[in-house]
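The next block holds one structure in the form of structure tokens; read it before the comments.
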Amino acid sequence: MTDTPVAAALARFRASGSPWAELPFFADGGADRVAARVDARIAAGARVLPEPENIFRALALTPPEAVKVVILGQDPYPTPGDAHGLAFSYVGPGRLPASLRVILAEVAPGRPARGDLTPWAEQGVLLLNSALTVEAGKAGAHLRYGWARLTDEAVAAVSERDRPAVFLLWGAQARSRAALIDRARHGVIETGHPSPLNRARDFPGSAPFARANAWLEARGLAPVAWQT
């Protein structure tokens, strides 16, 4: 068993041939430095989430050429077993996280919903966190480890494409990346964060999914089947 599981996961991702691996973050040593820092925390006894095989799952499931919608999160859920590499997606055994309940209520109010958002990713929804790792019980622990550069480069790479995409920017952190997006080619839908702690309560009723689908269809692109 390797004692550098994140570096090993990074090597597997590079070997997969994903076009995302061509980003400067992966090519110039940035990813290696972040992986080494996270592996150092593991060596020190920290439990890092999600499991190594899921760290790059958002990129693996949604290659650049397939991206129709971009949704940015902050970092994985800090409870073991809950996160699996997709922003906001939940595979834990308990009740859905509060923010995810608010999100899914915008999809289909009053209807039971699954927390696993893999079907979104498979339809071209890039569910990317600003940090791809976290420590058990310590939300935000890796937000300053260097992962944010990857998120910036991924957003910029989608923006530079000719094929249009729509960016759903929820909350201040996601909205800070609006400057990276070419609005002449791409759609940008900005709202408050879906967290119930958001006192402005400016996410409920904002209809981001219906608006995103309308934007896509107006440009001849297939809508996303959001109901999970």
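Order determines the names: the first chain of the structure tokens is A, the second B, and so forth; residues in each chain are numbered 1 upward, and ligands are numbered 1 upward as they are shown.
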- Determine, counting only C-alpha atoms, which protein, DNA and RNA residues have an atom within 6 Å of an atom of Glu135 of chain A; residues of the same chain fewer than 6 positions away are not included. Present the result as a list in words.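 Surrounding residues, per the criterion: Arg47, Val48 and Leu49 of chain A.
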Could you list, with a cut-off of 10 Å and counting only C-alpha atoms, the residues of segment 59-95 of chain A near segment 144-158 of chain A, each shown with its nearest atom pair and the distance in Å rounded to one decimal, rows sorted by chain and ascending number, as a tab-separated table?
```
residue	atom	partner	partner_atom	distance
A:Leu59	CA	A:Ala154	CA	9.2
A:Pro64	CA	A:Val158	CA	6.7
A:Glu65	CA	A:Val158	CA	8.4
A:Ala66	CA	A:Val158	CA	9.9
A:Val67	CA	A:Val158	CA	7.5
A:Lys68	CA	A:Val158	CA	9.2
A:Val69	CA	A:Val158	CA	9.7
A:Val70	CA	A:Val155	CA	8.0
A:Ile71	CA	A:Val155	CA	10.0
A:Leu72	CA	A:Thr151	CA	8.3
A:Gly73	CA	A:Thr151	CA	9.9
A:Gln74	CA	A:Ala148	CA	9.4
A:Asp75	CA	A:Trp147	CA	9.8
```
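The residue set within 10 Å of Asp39 of chain A, counting only C-alpha atoms and dropping same-chain residues fewer than 3 places from it, reads Asp3, Thr4, Pro5, Val6, Ala7, Ala8, Arg33, Val34, Ala35, Ala36, Ile42, Ala43, Ala44, Gly45, Ala46 and Val48 of chain A.
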- Query: To one decimal place, how far is atom CA of Val125 of chain A from atom CA of Gly85 of chain A in Å?
  - Reply: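 About the pair atom CA of Val125 of chain A and atom CA of Gly85 of chain A: they are 13.3 Å apart.
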Identify, with DSSP run on backbone atoms, the residues in segment 114-176 of chain A assigned to helix (DSSP H, G or I), and express the list as a PDB file with C-alpha atoms, in the first residue's frame.
```pdb
ATOM      1  CA  THR A 118     -23.840  11.574 -10.586  1.00  0.00           C
ATOM      2  CA  PRO A 119     -26.610  11.726 -13.249  1.00  0.00           C
ATOM      3  CA  TRP A 120     -26.021  15.469 -13.503  1.00  0.00           C
ATOM      4  CA  ALA A 121     -22.292  14.975 -14.030  1.00  0.00           C
ATOM      5  CA  GLU A 122     -22.952  12.351 -16.688  1.00  0.00           C
ATOM      6  CA  ALA A 148      -8.416  26.835  -5.933  1.00  0.00           C
ATOM      7  CA  ARG A 149      -6.003  27.329  -8.806  1.00  0.00           C
ATOM      8  CA  LEU A 150      -7.433  24.202 -10.444  1.00  0.00           C
ATOM      9  CA  THR A 151     -10.965  25.568 -10.122  1.00  0.00           C
ATOM     10  CA  ASP A 152      -9.914  28.885 -11.654  1.00  0.00           C
ATOM     11  CA  GLU A 153      -8.197  27.164 -14.575  1.00  0.00           C
ATOM     12  CA  ALA A 154     -11.147  24.847 -15.204  1.00  0.00           C
ATOM     13  CA  VAL A 155     -13.572  27.775 -15.273  1.00  0.00           C
ATOM     14  CA  ALA A 156     -11.285  29.704 -17.620  1.00  0.00           C
ATOM     15  CA  ALA A 157     -10.857  26.674 -19.889  1.00  0.00           C
ATOM     16  CA  VAL A 158     -14.603  26.260 -20.308  1.00  0.00           C
ATOM     17  CA  SER A 159     -14.957  30.004 -20.879  1.00  0.00           C
ATOM     18  CA  GLU A 160     -12.367  29.929 -23.667  1.00  0.00           C
ATOM     19  CA  GLY A 171     -22.698  32.541  -3.106  1.00  0.00           C
ATOM     20  CA  ALA A 172     -19.811  34.969  -2.824  1.00  0.00           C
ATOM     21  CA  GLN A 173     -17.008  32.478  -3.381  1.00  0.00           C
ATOM     22  CA  ALA A 174     -18.468  31.134  -6.624  1.00  0.00           C
ATOM     23  CA  ARG A 175     -19.528  34.587  -7.800  1.00  0.00           C
TER      24      ARG A 175
END
```
- Could you pull out the residues in segment 37-190 of chain A that DSSP calls strand (DSSP E) from the backbone, as an MDAnalysis selection string? chainID A and resid 48:49 69:73 125:129 134:135 166:170 187:190
- Find the distance between atom CA of Phe26 of chain A and atom CA of Val224 of chain A and write it in Å to one decimal. 29.4 Å
Give me the residues of segment 112-157 of chain A that have any atom at most 7 Å from an atom of segment 87-105 of chain A; for each, the nearest atom pair and the distance in Å, rounded to one decimal. Use only C-alpha atoms, sort by chain and number, and format it as a Markdown table.
```
| residue | atom | partner | partner_atom | distance |
| --- | --- | --- | --- | --- |
| A:Ala113 | CA | A:Leu104 | CA | 6.9 |
| A:Gly115 | CA | A:Tyr90 | CA | 4.7 |
| A:Asp116 | CA | A:Ser89 | CA | 5.1 |
| A:Leu117 | CA | A:Ser89 | CA | 5.1 |
| A:Leu127 | CA | A:Ala87 | CA | 4.8 |
| A:Leu128 | CA | A:Ala87 | CA | 5.3 |
| A:Asn129 | CA | A:Ala87 | CA | 5.3 |
```
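Shortest separation to Ser130 of chain A among A:Gly29, A:Pro76, A:Gly110, A:Gly81 occurs at residue A:Pro76, atoms counted being only C-alpha atoms.
Taking only C-alpha atoms into account, Ala141 of chain A lies nearest to A:Val38 out of the set A:Glu51, A:Val38, A:Asp82, A:Arg211.
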- Straight-line distance linking atom CA of Asn213 of chain A with atom CA of Trp226 of chain A, stated in Å to one decimal: 9.4 Å
- Which one is closest to Ala15 of chain A: A:Val134, A:Leu221, A:Leu143, A:Ala60? Count only C-alpha atoms. A:Ala60
